Each structure stands twice: as structure tokens, then as C-alpha cells.
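All remarks here apply to the structure that follows.
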Amino acid sequence: MVNTDILLDVQNLKVHFPIEKGIIFKRNAGWIRAVDGVSFSIRKGESLGLVGESGCGKSTTAMTVAQLQASTAGKVFFEGRDLSLITPKELRRERMNFQIVFQDPYSSLNPRMRAGDIIAEPLRIYARKKIISISKKEVLEKTASLMDRCGLPSSSADRYPHEFSGGQRQRIGIARALSLGPKMIIADEPVSALDVSIQSQILNLLKDLQQELDLTFLFIAHDLAVVEYFCSRIAVMYLGHIVETADSKTLYNQPIHPYTRALFSAVPLSDPRSARKRKRIILEGDVPSPSVVRAGCPFMDRCPDVMERCKVETPTLSNLDKNHQVACFLYDSPGKER
Amino acid sequence: MGKEIILHVEGLRTEFQTERGIVQAVNNVSFVLHRGETLGIVGESGCGKSVTNFSILKLVQYPPGRITDGTVLYNEKDLLQCSEDEIRTIRGKHIAMIFQDPLTSLNPVIKIWVQIAEALRLHQGMSKKDAKAKAIELLKLIGIPDAEQRADNYPHQFSGGMRQRVMIAMALSCNPDILIADEPTTALDVTIQAQILEIIKNLSQEHKTSVIMITHDLGVVAEMCDAVCVMYAGRIVERATIDELFYDPKHPYTIGLLNSIPRIDQDSEEHLHSILGAPPDLIDLPIGCPFQPRCTHAMEICAYKSPPEFSMGGDESRTVACWLHEKEHAHG
């Protein structure tokens, strides 16, 4: 099902935000290194999950990939084209191929637009800019079929966002993202604002759409169970770095990086018997501030297995095997097993 | 049962007046809490789980909210009949509460230790000096590093996880009999959540504190609780021990809920089970069972008659509010 063509390739991406001090004469007092050297690629038809705790840079990564946030350094290649080098006009054309589903189904829909118009808006804009040619009638037909596909009753096209429930609003957001026929969907926490019973409806819808339309997903979430269910491959982020990436089964069954292991063991299991049996790794302390520049591994001050080397050198992602990379000195020498 | 009952809620009803009509947020809710037990109350947003617990401590604001019926027995005293002065001696001292959002529930302009010491000085009449010493001791207990220095900080200087730990320190300062934790970890990351749950678990075991754990996360319930009440549309639809709930759920809603969560510890390639539709509007609830419009097992009776709580095998602590289980009730 998955072929080897690489759709998205991100190389050494860095996004630093300035910290400004002073009221009138603003001066730069430092940088928040939200994303600090992230590289990954996504093959066609694959779904890559980006997980991590709040502030680890996963959403910034997604927004930068979508070119909604300028990068400080690094490159984003989509189908082999460097998105930072193309003109705004070309970027607009390219954007048809990657669309976003946002986290908050309340604030990501214009409250004064009708559902049908929200879904049709991308088509109308692209038609006006003469990027696509589509008649008014076709727009309406397309909108109706998108609504139907996303499980929205066609009678609801004239209703406003506030008349819909959270789950239905997220369906509108998904239909809008699909309207231009994208190849890739960037989904930034698409289900975290929803109740469990609604969450599963949306996850099922996304999974069906992926199969039907051969979509590629960059899926951002903090809920490991959701990512493990939805994604074929997972990248774990910590403090602006990817610390481990592997296919979801491997990552769950054999997490290698001390942070990944702690993260998985911290997830509450919906099974009291195995919850009682397992040994949890409880991490000390909090995630350090991304504004402090330090040498060494980002995870060093919470790591139970920290060594002297971790405090001076920063580990880079190295191959454990073909589908499993980890950035940790414990696994630096190949063949070393725990 | 042999276990000592510490809190007995019976027939609680709470409603809110809104422009569109009366919202029946809590509809005839009854449960008992035993000493040393951790009771989970689970349900989705708007099911009334938080309002139930606000009602126990009479924290429902009037207007628009009103507790219309029911009793809450604590030490043979009905808390709902207590005057404001009486209940104030119980809040914080005997029954303490941890709220969901630790930032908005701490006062931003008061030092951390002063906020912890407030309850100690009020309820235990400690001197300022003693209360400060005790506050620092509590901060150490919940694992705040450099507690002596950090005690003089303000809430914004603490991270989310540390603030929630401060809330726990405040709640436990007077060794309460009952701790009500309202979604204590919802705003926190998983690794921090694990820390907080561990603290609550250890402290409640040490001090034999009973805990009411309100959450929407069935995983948290599985990790923490001894018994569970599942709420839907203001009612308790199922009550069970933790193992019964997870391995032998009875109510179609509970079953649907359990099946709709993606399981990290199981391979599931195919579809998640999902419950059709959305939770009902509490202003105009269906006449019959509130879950009937979404239920795949709905029968004729469900549409016009709301099911009572049937106890399974005559056991009051194992009930299901569903007509499907009427027969089991009769046989038991």
C-alpha cells in the first residue's frame, strides 16, 4: 500500500521566536527555541504522528511545514520542491496539495459564514485567482458531495457554525480541508477538543477518507493512544527535538529512548488489571524552558539514565534499524542492547 | 458491607435557570462513599458530574443554579440543610476540593505559602509562624524542590504541574475525610499527570482519605478508583466496582464508551466503535431513557419510560439504569 515516494521531507528545521524586552525601544532579550533542528520525511499514503507534551514544538513544526509560520533555518520539501524558495503565487498553487485541519472547531470557523460557504470558500478563492476553473454550479455540487462524505446532512448547508455540535463543526473543518483535493492533510490535534464518543466518530471518518482518497497525514496529537491508533509511524518530540521515531507498533512494544519509555508508561491504561500490574516510570520535575541555551541532551535533567556525556554533547538521531531511529547516547554504539 | 459509609448522597437534583428554560443538570443522583475508598464519577462534558460535586459542598451559585431536592449525609448531618456558616466549617476542613484549572483557582497576588496557610489558620487556629512551617512541610511532601524559597513565590512562578500540587497541598492541609478531585489532571501533560495521580494515591492511602475522582478519562479511572459511577445526561446510568465496569459493563452507553477509546495496549487495525449522534440537550430531554436516541438496543419501552436503576443480584452497589437488565434484577 505504501510506496517509497517521499511526499514531504523536512530537513533540520529550526523555528526560534524572539523574546522582546522594553516597552518603546524593543530589544531582543533572547530566543525561544521552539523547534530546534527537526528532520523527518513522510512517504505517500503514510500517516506520521508527531507526539509530545505541551510546548515541545509539535504544533509549531506543523504550522511551519504548512508555511503558516516562517522558519529560522532548515528546509521543507514538498514533492521535491523547496517551499521556502518559491514565490507566494507558486506557494498558493502548491497549497492546494496540503491542507490543514485545526484543533479548535469553535475558533477555526468563521461564525458569520454558513457551513456551505465555509466549505466552498477555498474553491471560490482558487476559482477567482484562476488557479482552478470551476463553475458556480459545480461548486455547489462539490460542496454537497463533500458534506455528504463527511457525514453532514445536506440540509445543514445554510446553517451557521454555532448551530452545530463540536463534532459536526470538526466535520465542517475536515470537509473544507478536502475541498481542493489535497494530497496531504496536516491535522493539528483534530480530536483533542472532543468528547470520547465523538472523538471515535471523527477518527473513523479520517481513517476512511485516508483510504478512499489515498491521503497522506501529518497528525499532531498529545494523546498517545489516538496517535498509536491512527498513525503508521510516530515521531516523539521533546523540547524542540525529535528524540525517537519508529513505526507505531515498534514504538509501543519497544520504546528505546528514556523519554519515550516514561511517556508510554505514564499513559493511563483503560484496563485495571494491567494497570495494577505494570511498573510506571514517574519522571521527576518539569520540561525545562526552551529559552535557555544549554549544551547537552534536551532530556538530561529528567533522564533516569543520564551519563556525563549527555551533559556536554547533544545526541543526534541515529539508526537502530531501518525503521527505528533514536537520539540517545545509550544506544550510540550499534548492536548494544538493553 | 462492613465498610464505614462516610458520605451518603440521596436523590440529589440540581437545576439551572437559563434563558431557554430549565436545565436539569443533576437528576436524582444517589451514591455512597466509604471510608478510604476512591470513587470515580465518569461521563462526557455536560453530563452533570461536576455539578453533582459542587452541590455536595453547596458551591452551586444561586441564581442561576438551585439544588431542588435531595440529601447529602455526612456524619449524620445533612449538608444541604446547613447554614452558610456551618458549611464553611466543613469545606476545606472535612471535605476538601481540588479544581480542574490550578491557575484560576489560586489567587495570583498572594504568596503560595499564605494560600496554603489560610486553611490551617482558619480551621486549626495555628499561629502565622506555625502555619508557615506546616505549609513548607506540605510543599516538601508534595515534592516541590527548594520548598523554603519557593514558598515565597507567587502562583505565576510555578508551572502547571506545580500549581496543581499546591492545590493538593492546600486540600490536604487539614487532613480532610473526603477529597473531591474535579478533573485534577485534565489540563496537564501525561508525565505530569502521572506524578499528580501518584501523589493523590499515596496521600489518600496514608491518611485513609476517601476520594471522589471526577473525570472523563476512563484510563484515569482504571488507574485510580475502587468503584465507579457512570453519568449520562444528569443521571447515574451504571455503578460498579472497577473490575465489573471494565470487564463486565452492562449499560449500552458504558459499553459504547469503553469500545470507543483507542487502546494503546491492543492492536486495533479496524474501526473504532463509535456511539452515534451526540449527547442530548438537557433542556428538552427525551421523555424516556435519555440514551434511547443513540442506543442500538432501544426497545419500545425506552421511548416513553425512563428506566429506574436496577440492582444486579440484589447488590445495591451494582446497578444499571437500563430496561435490558430488568430481568436480571427480578431474578436477583
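Residues in the C-alpha cells are numbered from 1 in each chain, the chains being A, B, ... in the order shown, and ligands are numbered from 1 in the order shown.
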
Write out as a VMD selection string which residues come within 9 Å of Gln205 (chain B) when counting only C-alpha atoms, dropping same-chain ones fewer than 5 positions away. chain B and resid 36 200 210

Could you list the residues in chain B lying within 8 Å of chain A, using only C-alpha atoms, and format the result as number ranges by chain? B: 44-45, 159, 161, 189-195, 218-223, 242-243, 246, 256-257, 260-265, 268-269, 271-278

Name all residues at most 9 Å from region 10-25 of chain A (count only C-alpha atoms; drop same-chain ones fewer than 6 positions away) and give them as number ranges by chain. A: 31-42, 57, 60-61, 64-65, 69-78, 240, 291

Have a look at A:Ser179, A:Met300, A:Cys150, A:Ser108 and name the one nearest to Glu313 (chain A); count only C-alpha atoms.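 Under the stated criterion, the closest residue is A:Met300.
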
Can you tell me which residues surround Phe310 (chain B) at a distance of at most 8 Å, considering only C-alpha atoms, apart from same-chain residues fewer than 5 positions away, and format the answer as a count of residues only? 7

For CA of Ile112 (chain B) and CA of Asn153 (chain B), quote the distance in Å rounded to one decimal.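 It comes out at 5.9 Å.
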
Could you give me the residues within region 6-106 of chain A that DSSP places in strand (DSSP E), as a ChimeraX atom specification? /A:6-21,27-43,47-51,73-78,81-82,98-101

What does the structure give for the distance between CA of Asp182 (chain B) and CA of Thr215 (chain B), in Å to one decimal?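 So the answer is 6.8 Å.
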
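For the pair CA of Gly21 (chain B) and CA of Val60 (chain B), the interatomic distance is 17.8 Å.
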
Just want the 7 Å neighbourhood of Gly116 (chain A), counted on only C-alpha atoms, with same-chain residues fewer than 3 positions away dropped. Output as a ChimeraX atom specification. /A:119-120,143,157-158

Taking only C-alpha atoms into account, name the residue in A:Arg27, A:Arg176, A:Arg124, A:Lys137 that is nearest to Arg149 (chain A). A:Arg176
